[in-house]
Structures are given as C-alpha cells and as structure tokens.
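Written below as structure tokens is the structure these notes are about.
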Amino acid sequence: MKICRTKSALREVVKEFRAQGDTVGLVPTMGYLHQGHMTLVSTAQSQTDRVIATIFVNPTQFGDEADLDAYPRDEARDFALLEAQGVDVVFAPSVDEMYHPNRQTSVETEQLANMLMGALRPDHYKGVCTVVSKLFNIAQADKAFFGEKDYQQLLVIKTMVRDLDIPIDIVGVPTVREVDGLAMSSRNVRLSPEDRKAALILNKALAYGDYEASDGRTAEDLEAELHSFISREPRAKIETIDVRDATSLEVPQGQIDRAVVILLAVRFGDVLLIDQRVCDPS
Ligand SMILES: Nc1ncnc2c1ncn2[C@@H]1O[C@H](COP(=O)(O)OP(=O)(O)OP(=O)(O)O)[C@@H](O)[C@H]1O
Ligand SMILES: CC(C)(CO)[C@@H](O)C(=O)[O-]
Ligand code: BAL
C-alpha cells in the first residue's frame, strides 16, 4: 500500500493507474476507522480496480474547536487496517498541505447546506463540500463512496456533483451497525459505558418510527411521537428529530404516502450522535 502525504504524490500514483487502464475508487474519511469505513472500502473494491482511501480530519467542517481537538485519531492503526484490506493507496495530508495559507474559495450547496444538520452546525457542509471537491480534483477518481449514515452529507455531495458537473459517480453505502444496533461511528469511543447503553434508543426509535410511518401519520405527528419515545431515555438530549422527504429533504405535506427519511441528532454527554432510516409506506 502506498502512503501519499502530498497532492503531487497522489497525482503521480493516479497517473500510473490510468496508464494501466485501471478505474479508480475514492473513499474519503476522517480516520479512526471502523467496520463502517471498511465496508465503504470493500464496496469500492467490488466496483473499481484501484482504491484510494483518504484520512484527513478537515478543520473547516468543525465549527466547534473542542470537537475538532477531541476527534479521535490513530494513524498507525488506520494504515494497518487499510493495508490488511488490500487498499492500493492512502492519502493522508497535513492541514498545511491541503489548504493554501491565503485560500479564498469555498463550495456550498446553498439550500441543502443550511437546513437540518447544517443549521445545527453552521458552515459544516461548506467545509465538507470544499474539502470533498478538492479531493475529487486531486484524485480524479471514477467513483466515490459515502455512508448513508451521514444522509444529508450524501445528498449535499450528490447535489454538488450535479450542479458543478463534476465527472464522478457518487455511491451511497447502507449504515453498518454494531450487533446491538448502534450505528458505527468514530465518536462512539467517547461515550461513557452508561451513555453507550443509552444510545441504543436511537436504533429502537428508528424501528418504531418506520412502523408508525405506515399508519397514516403526518410528518409532524411522527416527529412528536419520536420525541416522546426518545425522551423516555433520560440520558438522551435531543438536538433534532426530523421526518423529511427522502430525496429533497423538504417537509412532507399531509399524510406520509411516499419515501421519507427519519433524521436523528441526539447528544449523550458531550457526544452528538446521528442516525437515520428511510421509510417507504407507499
Ligand atoms: N456506520 C457506518 N456505516 C457506513 N458508513 C459509515 C458509517 N460511519 C461512517 N460512515 C461513512 O464513512 C465516511 C467517513 O466518515 P467519518 O470518517 O466521519 O466517520 P464517522 O464514524 O462518521 O465519524 P463521526 O460520525 O464520528 O464523524 C462517511 O462517508 C461516512 O458516512
Ligand atoms: C466526507 C468527509 C471525509 C469530508 O471531510 C467527512 O465529512 C466524513 O468523514 O464524513
Ligand atoms: N461523518 C461526518 C463528519 C463530521 O461529523 O464532521
């Protein structure tokens, strides 16, 4: 496995792959890898000849300095996992390598970036779109792979690619869960044992919501029911519960009769967890 620290080193490797006629898949991550990331990698390996994983904790998508500082990192372990899985290249640049000191350009999907998680984390999706478009430009991959767990992020990136005519296919990968149902996340290691147990309420709420969605509810009713369901867990501090159209993220009008997505953002201690589920009662 090649480790590239600079953009020019990565461009050179990609040029060699292209010369051999190989297709290239890109898996962007912020490291501290778990089985969710490894599933993105194996999906990429099944669809492209060469796979590049990137590890970069992107400061421009963190509004909260403390969240950035607390973000877990273990590069040696990440490299070992990627190598064992047969990844061709890992791109792990420094912040100075990624960003010009006088950078002036950013990318934003104006509407999608500022609703839901974007309203909760101002400028978050602007930071995501900017770094992801830079990664796309550097790696020139055929396909890029993202988790459905970060549902709004996936839609934001698909929209950016559509609006800016970026020549890449975006592939969404279903959420990988622990055996007890908790969605895998790098932030899970920061949960206390009590909060780790309490966080199981999220997946239970999604199953409950899926069942209730098919029973002639409005989105507003379902949000209220999910609110009382999750509130039964005293350690859960609800940030947002939203039931939205699964493709536009608009508020659905009237009884739910088409695919909606339930989006949860709930804090346990100081850790904000997100989870989602698409429900299609039609
Ligand atoms: N449980 C999961 N199943 C499938 N894909 C996932 C899962 N968790 C993260 N991903 C995807 O992995 C990619 C990199 O995500 P990231 O490195 O931020 O990991 P993370 O576990 O989501 O971290 P955190 O939620 O703590 O920020 C994203 O496309 C994300 O959607
Ligand atoms: C896509 C991403 C790697 C951009 O920094 C990040 O938002 C993530 O890990 O989901
Ligand atoms: N997986 C989303 C990246 C973030 O929380 O910043």
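Within each chain, counting starts at residue 1; across the structure tokens, chains are named A, B, ... in the order shown, with ligands numbered 1 upward in that order.
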Test item: residues no farther than 9 Å from ligand 3, counting only C-alpha atoms and all ligand atoms, as number ranges by chain:
A: 29-30, 57-59, 61-62, 67-68, 124-125, 128, 147, 149-150, 153, 185-187, 272-274
Let's see if you can do this: from backbone DSSP, list all strand (DSSP E or B) residues in range 179-261 of chain A, as a list in words.
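Put together, the selection reads Ala183, Thr218, Ala236, Lys237, Ile238, Glu239, Thr240, Ile241, Asp242, Val243, Arg244, Asp245, Gln255, Val260 and Val261 of chain A.
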Neighbouring residues of Lys126 in chain A were defined as those with any atom within 12 Å, considering only C-alpha atoms; residues of the same chain fewer than 4 positions away were excluded. Please report them as a PDB file with N, CA and C atoms, in the first residue's frame.
ATOM      1  N   ASN A  58     -10.766  17.240   8.703  1.00  0.00           N
ATOM      2  CA  ASN A  58     -10.865  18.521   7.990  1.00  0.00           C
ATOM      3  C   ASN A  58     -11.302  19.650   8.927  1.00  0.00           C
ATOM      4  N   PRO A  59     -10.393  20.569   9.271  1.00  0.00           N
ATOM      5  CA  PRO A  59     -10.764  21.599  10.258  1.00  0.00           C
ATOM      6  C   PRO A  59     -11.891  22.513   9.798  1.00  0.00           C
ATOM      7  N   THR A  60     -12.051  22.706   8.476  1.00  0.00           N
ATOM      8  CA  THR A  60     -13.049  23.690   8.030  1.00  0.00           C
ATOM      9  C   THR A  60     -14.496  23.208   8.191  1.00  0.00           C
ATOM     10  N   GLN A  61     -14.690  21.946   8.545  1.00  0.00           N
ATOM     11  CA  GLN A  61     -16.073  21.493   8.739  1.00  0.00           C
ATOM     12  C   GLN A  61     -16.451  21.407  10.214  1.00  0.00           C
ATOM     13  N   PHE A  62     -15.494  21.744  11.093  1.00  0.00           N
ATOM     14  CA  PHE A  62     -15.767  21.750  12.535  1.00  0.00           C
ATOM     15  C   PHE A  62     -15.972  23.197  12.986  1.00  0.00           C
ATOM     16  N   GLY A  63     -17.210  23.545  13.433  1.00  0.00           N
ATOM     17  CA  GLY A  63     -17.400  24.886  13.979  1.00  0.00           C
ATOM     18  C   GLY A  63     -16.805  24.930  15.370  1.00  0.00           C
ATOM     19  N   THR A 105     -11.462  30.376  -1.643  1.00  0.00           N
ATOM     20  CA  THR A 105     -12.580  29.799  -2.388  1.00  0.00           C
ATOM     21  C   THR A 105     -13.238  28.689  -1.579  1.00  0.00           C
ATOM     22  N   SER A 106     -14.560  28.702  -1.540  1.00  0.00           N
ATOM     23  CA  SER A 106     -15.238  27.559  -0.924  1.00  0.00           C
ATOM     24  C   SER A 106     -16.443  27.171  -1.775  1.00  0.00           C
ATOM     25  N   VAL A 107     -16.963  25.987  -1.482  1.00  0.00           N
ATOM     26  CA  VAL A 107     -18.063  25.434  -2.281  1.00  0.00           C
ATOM     27  C   VAL A 107     -19.244  25.211  -1.347  1.00  0.00           C
ATOM     28  N   GLU A 108     -20.426  25.621  -1.772  1.00  0.00           N
ATOM     29  CA  GLU A 108     -21.595  25.453  -0.898  1.00  0.00           C
ATOM     30  C   GLU A 108     -22.851  25.135  -1.707  1.00  0.00           C
ATOM     31  N   THR A 109     -23.580  24.137  -1.267  1.00  0.00           N
ATOM     32  CA  THR A 109     -24.901  23.880  -1.828  1.00  0.00           C
ATOM     33  C   THR A 109     -25.857  24.732  -0.986  1.00  0.00           C
ATOM     34  N   GLU A 110     -26.262  25.875  -1.554  1.00  0.00           N
ATOM     35  CA  GLU A 110     -26.849  26.945  -0.735  1.00  0.00           C
ATOM     36  C   GLU A 110     -28.014  26.498   0.150  1.00  0.00           C
ATOM     37  N   GLN A 111     -28.976  25.762  -0.445  1.00  0.00           N
ATOM     38  CA  GLN A 111     -30.185  25.441   0.306  1.00  0.00           C
ATOM     39  C   GLN A 111     -29.957  24.252   1.248  1.00  0.00           C
ATOM     40  N   LEU A 112     -29.475  23.154   0.644  1.00  0.00           N
ATOM     41  CA  LEU A 112     -29.308  21.908   1.427  1.00  0.00           C
ATOM     42  C   LEU A 112     -28.306  22.067   2.571  1.00  0.00           C
ATOM     43  N   ALA A 113     -27.323  22.953   2.384  1.00  0.00           N
ATOM     44  CA  ALA A 113     -26.246  23.061   3.380  1.00  0.00           C
ATOM     45  C   ALA A 113     -26.688  23.771   4.639  1.00  0.00           C
ATOM     46  N   ASN A 114     -27.813  24.477   4.551  1.00  0.00           N
ATOM     47  CA  ASN A 114     -28.157  25.323   5.688  1.00  0.00           C
ATOM     48  C   ASN A 114     -29.401  24.879   6.446  1.00  0.00           C
ATOM     49  N   MET A 117     -28.953  19.422   9.816  1.00  0.00           N
ATOM     50  CA  MET A 117     -27.638  19.406  10.480  1.00  0.00           C
ATOM     51  C   MET A 117     -26.831  20.666  10.151  1.00  0.00           C
ATOM     52  N   GLY A 118     -27.110  21.230   8.978  1.00  0.00           N
ATOM     53  CA  GLY A 118     -26.411  22.447   8.560  1.00  0.00           C
ATOM     54  C   GLY A 118     -26.808  23.645   9.420  1.00  0.00           C
ATOM     55  N   ALA A 119     -28.064  23.633   9.899  1.00  0.00           N
ATOM     56  CA  ALA A 119     -28.499  24.720  10.785  1.00  0.00           C
ATOM     57  C   ALA A 119     -27.892  24.515  12.176  1.00  0.00           C
ATOM     58  N   ARG A 121     -24.995  22.930  12.714  1.00  0.00           N
ATOM     59  CA  ARG A 121     -23.535  23.122  12.603  1.00  0.00           C
ATOM     60  C   ARG A 121     -23.274  24.097  11.446  1.00  0.00           C
ATOM     61  N   PRO A 122     -23.403  25.419  11.721  1.00  0.00           N
ATOM     62  CA  PRO A 122     -23.255  26.397  10.636  1.00  0.00           C
ATOM     63  C   PRO A 122     -21.898  26.236   9.924  1.00  0.00           C
ATOM     64  N   THR A 130     -16.160  21.814   0.269  1.00  0.00           N
ATOM     65  CA  THR A 130     -14.882  22.368  -0.177  1.00  0.00           C
ATOM     66  C   THR A 130     -13.809  21.285  -0.150  1.00  0.00           C
ATOM     67  N   VAL A 131     -13.712  20.548   0.951  1.00  0.00           N
ATOM     68  CA  VAL A 131     -12.643  19.535   1.028  1.00  0.00           C
ATOM     69  C   VAL A 131     -12.925  18.374   0.073  1.00  0.00           C
ATOM     70  N   VAL A 132     -14.200  17.993  -0.051  1.00  0.00           N
ATOM     71  CA  VAL A 132     -14.525  16.859  -0.931  1.00  0.00           C
ATOM     72  C   VAL A 132     -14.268  17.245  -2.396  1.00  0.00           C
ATOM     73  N   SER A 133     -14.584  18.475  -2.773  1.00  0.00           N
ATOM     74  CA  SER A 133     -14.308  18.851  -4.171  1.00  0.00           C
ATOM     75  C   SER A 133     -12.808  18.910  -4.411  1.00  0.00           C
ATOM     76  N   GLN A 153     -25.262  14.639   4.258  1.00  0.00           N
ATOM     77  CA  GLN A 153     -23.959  14.815   3.585  1.00  0.00           C
ATOM     78  C   GLN A 153     -23.969  14.147   2.203  1.00  0.00           C
ATOM     79  N   VAL A 156     -25.989  16.265  -0.102  1.00  0.00           N
ATOM     80  CA  VAL A 156     -25.247  17.505  -0.385  1.00  0.00           C
ATOM     81  C   VAL A 156     -24.172  17.226  -1.443  1.00  0.00           C
ATOM     82  N   ILE A 157     -23.448  16.118  -1.273  1.00  0.00           N
ATOM     83  CA  ILE A 157     -22.354  15.809  -2.211  1.00  0.00           C
ATOM     84  C   ILE A 157     -22.916  15.453  -3.594  1.00  0.00           C
ATOM     85  N   MET A 160     -23.861  18.737  -5.173  1.00  0.00           N
ATOM     86  CA  MET A 160     -22.681  19.495  -5.617  1.00  0.00           C
ATOM     87  C   MET A 160     -22.146  18.936  -6.940  1.00  0.00           C
TER      88      MET A 160
END
Identify, with DSSP run on backbone atoms, the residues in range 8-165 of chain A assigned to helix (DSSP H, G or I), and express the list as an MDAnalysis selection string.
chainID A and resid 8:19 35:47 59:61 65:70 75:84 95:98 112:114 117:120 124:139 151:163
Counting only C-alpha atoms, the option among A:Ala219, A:Leu40, A:Val260, A:Ala236 closest to Lys197 in chain A:
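When distances to Lys197 in chain A are compared using only C-alpha atoms, the smallest one comes from A:Ala236.
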Separation of CA of Pro28 in chain A from CA of Leu200 in chain A, in Å and rounded to one decimal:
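The value is 27.0 Å.
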Of the listed residues A:Ala199, A:Leu182, A:Ala246, A:Ala84, that which approaches ligand 1 most closely, counting only C-alpha atoms and all ligand atoms
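Using only C-alpha atoms and all ligand atoms, the shortest distance to ligand 1 belongs to A:Leu182.
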Atomic separation - CA of Leu120 in chain A relative to CA of Val243 in chain A, Å
15.9 Å
Excluding same-chain residues fewer than 3 positions from Ser42 in chain A, what lies within 10 Å of it counting only C-alpha atoms, as a PyMOL selection string?
chain A and resi 37-39+45-47+51+85-87
For the residues in the current selection, export N, CA and C atoms as a CSV table (one decimal), in the first residue's frame.
chain,number,residue,atom,x,y,z
A,37,HIS,N,-16.4,2.1,7.8
A,37,HIS,CA,-15.4,2.6,6.8
A,37,HIS,C,-14.9,1.4,5.9
A,38,MET,N,-14.7,0.3,6.6
A,38,MET,CA,-14.1,-0.8,5.8
A,38,MET,C,-15.2,-1.4,4.8
A,39,THR,N,-16.4,-1.2,5.1
A,39,THR,CA,-17.5,-1.6,4.2
A,39,THR,C,-17.5,-0.7,3.0
A,45,GLN,N,-13.9,-1.7,-3.6
A,45,GLN,CA,-13.0,-2.7,-4.3
A,45,GLN,C,-13.9,-3.6,-5.2
A,46,SER,N,-15.2,-3.7,-4.9
A,46,SER,CA,-16.0,-4.6,-5.8
A,46,SER,C,-16.4,-3.8,-7.0
A,47,GLN,N,-16.2,-2.5,-7.0
A,47,GLN,CA,-16.7,-1.7,-8.2
A,47,GLN,C,-15.6,-1.0,-9.0
A,51,VAL,N,-8.3,1.3,-5.3
A,51,VAL,CA,-9.0,2.1,-4.3
A,51,VAL,C,-8.0,3.0,-3.5
A,85,GLN,N,-6.7,-4.8,4.4
A,85,GLN,CA,-7.9,-4.9,3.5
A,85,GLN,C,-7.5,-4.8,2.0
A,86,GLY,N,-6.2,-4.6,1.7
A,86,GLY,CA,-5.8,-4.5,0.3
A,86,GLY,C,-6.0,-3.2,-0.4
A,87,VAL,N,-6.1,-2.1,0.3
A,87,VAL,CA,-6.3,-0.8,-0.3
A,87,VAL,C,-5.0,-0.5,-1.0
Within 10 Å of Glu225 in chain A, counting only C-alpha atoms, which residues qualify if same-chain residues fewer than 5 places away don't, as a CSV table (one decimal) with C-alpha atoms, in the first residue's frame?
chain,number,residue,atom,x,y,z
A,205,ALA,CA,-36.7,4.8,17.8
A,208,TYR,CA,-40.6,2.3,15.9
A,209,GLY,CA,-40.8,5.3,13.5
A,212,GLU,CA,-45.6,4.1,12.7
A,219,ALA,CA,-44.5,14.0,9.4
A,220,GLU,CA,-45.3,16.4,12.3
A,230,ILE,CA,-36.6,9.1,22.8
A,231,SER,CA,-37.4,11.3,25.8
